[in-house]
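> So that we are looking at the same thing, I have put the structure below in structure tokens.
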Amino acid sequence: MSLLLLAAAEQPKVHLTPQTRILAAVIAVAFMLMILELIRRGRLQERFSVVWFVAGIGMLAGAIFPGLLGTVADLMGVRDTNVALFSIILLLLLGLALNFSVIMSRQAAQITRLAQERALEKAREEARSGENGGEPERERL
Amino acid sequence: MTAWENRRIRTLVFIPAWNEAESVASVIGDVRERLPEVDVLVVDDGSTDATAARAREAGARVASLPFNQGLGAALQTGYLYALREGYDFCAHLDADGQHPPAEAARLLAEVRAGRADLVIGSRYHEDGVSAADAEDVGGEDYKATISRQIGISVFRFFLTLATRQRFTDTTSGMRAANRRVMELFSENYSPDFAEIESLQLAVREGLRVEEVPVRMLERAGGSSFLTPLRSAFFIFKGMIVLLVGQFRPRQIGASR
């Protein structure tokens, strides 16, 4: 019990060294610039970029206002801010990965239907050209 | 009604084929000989060999998917074609020569007679099939490997549990169907677990599904893809599919 109290009392507030904060800010900015560049080159569609900008802005905010992380950790009821940080990131990535699987599944279904439509259209075309004179493709039934 | 009666009943037999250039022509020839009244469509699932050309030479229509999409998508293409082109009945069988077209004729007879919406050709005729029927089928029976047998009995158990209807051959690729099934399968056909999920789906939608014992031949060439590990994965995936399928909203009621 006393140990717990001691630990609570000694709970370190977030202390990020200036170097860490600068590094984090630089990475965040570079990350967002990279996203912009990918959009500019047409390698990334705008609608998929929103989530990455939100991530970049969150990272930048964390670097500029170090108290923010402590507040979030308190809200979550987590004593260790590092644990709070990692859980948040992990959950976000998990959600994002799932989101991509959903998108992939939808696109796989769309690609399949597209392929099927094309196959049917070509088959119909062939049947039509077979009837219109061309080489007699089918025998009389 | 009279106009309906005057109309010729049209039937399509479709054959999904992926790199089956060697066997596809003889299968088509067989179908045309045994079932002279049907149209034959080969669904070429992105073959890189001469499957499509051989099929055309043999007198079949060919629908070529631009790239390999898997058996489920190929079968769905066949159902979609049958539906769009206004066929009354359709049947499908494998391109590797395992399915004798004469047996497909028996499946078609069942749906044409209106005894079922979907008829499955079963390799494993157990009880529920009269001795006379089994005799009639006769011939050399299809023999399954051990790992395949385990998978088959697991699926049989769970599909029976899910549908409350007894199925002996859940993965059979020889089936016959009417337009109700074409409508259902052309819109809802799992690309991953076509054979099993489609049975579950059909039963759930209130269609009459029936099994007819058929004789199948040993595959002409190549080996089954099922190693023990793959079988385990296959079974696991199949159980997830069946479980999820039980909670899927019904389609027919909703769309009408």
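Ligands are numbered from 1 in the order shown, chains are lettered A, B, ... in the order of the structure tokens, and residues start at 1 in each chain.
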Which residues, written as a count of residues only, have at least one atom at most 6 Å from region 59-62 of chain A, with only C-alpha atoms counted and residues fewer than 3 positions away on the same chain left out?

5

> Fewer than 3 positions away in the same chain doesn't count, so skip those; otherwise give me all residues within 8 Å of region 110-121 of chain A, counting only C-alpha atoms, as a PDB file with C-alpha atoms, in the first residue's frame.


ATOM      1  CA  ARG A 106     -14.332  -4.204 -51.252  1.00  0.00           C
ATOM      2  CA  GLN A 107     -11.888  -3.557 -54.054  1.00  0.00           C
ATOM      3  CA  ARG A 124     -21.420 -11.833 -76.197  1.00  0.00           C
ATOM      4  CA  GLU A 125     -19.409  -9.959 -78.801  1.00  0.00           C
TER       5      GLU A 125
ATOM      6  CA  ALA B  63     -15.911 -16.146 -71.412  1.00  0.00           C
ATOM      7  CA  SER B  64     -12.348 -15.227 -70.531  1.00  0.00           C
ATOM      8  CA  LEU B  65     -11.627 -13.516 -67.248  1.00  0.00           C
ATOM      9  CA  PRO B  66      -8.740 -11.111 -67.836  1.00  0.00           C
ATOM     10  CA  PHE B  67      -6.807 -12.563 -64.898  1.00  0.00           C
ATOM     11  CA  GLN B  69      -9.833 -14.866 -60.050  1.00  0.00           C
ATOM     12  CA  ALA B  73     -15.456 -16.060 -59.224  1.00  0.00           C
ATOM     13  CA  THR B  77     -19.315 -15.771 -63.996  1.00  0.00           C
ATOM     14  CA  TYR B  81     -23.931 -15.491 -67.941  1.00  0.00           C
TER      15      TYR B  81
END

> Which residue out of A:Met32, A:Ile27, A:Ala127, A:Val83 has the minimum interatomic distance to Val54 (chain A) when only C-alpha atoms are used?

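With only C-alpha atoms as the atom set, the closest residue is A:Met32.
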
> Using backbone DSSP assignments, extract all alpha helix (DSSP H) residues from region 11-249 of chain B; output them as a ChimeraX atom specification.

/B:21-34,51-57,71-84,101-112,131-137,146-163,179-187,194-204,228-246

> Between CA of Glu20 (chain B) and CA of Arg175 (chain B), what distance in Å does the model show, to one decimal?

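Separating CA of Glu20 (chain B) from CA of Arg175 (chain B) is a distance of 19.6 Å.
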
> If we count only C-alpha atoms, what is near region 176-182 of chain B at a cut-off of 10 Å, once residues fewer than 5 positions away on the same chain are taken out, given as a ChimeraX atom specification?

/B:11-13,76,78-84,86-93,104-112,114,116-121,187-188,198,202,205,207-210,252

> Could you tell me how far CA of Asn19 (chain B) lies from CA of Ala95 (chain B), in Å and to one decimal?

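Computing it gives 9.4 Å between the two atoms.
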
> Assign secondary structure with DSSP using the backbone only, and return the residues of region 74-235 of chain B in strand (DSSP E) as a ChimeraX atom specification.

/B:89-92,118-122,175-178,209-213

> Choose the residue, out of B:Met239, B:Ile150, B:Met216, B:Ala52, that has the smallest atom-to-atom separation from chain A; count only C-alpha atoms.

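When distances to chain A are compared using only C-alpha atoms, the smallest one comes from B:Ala52.
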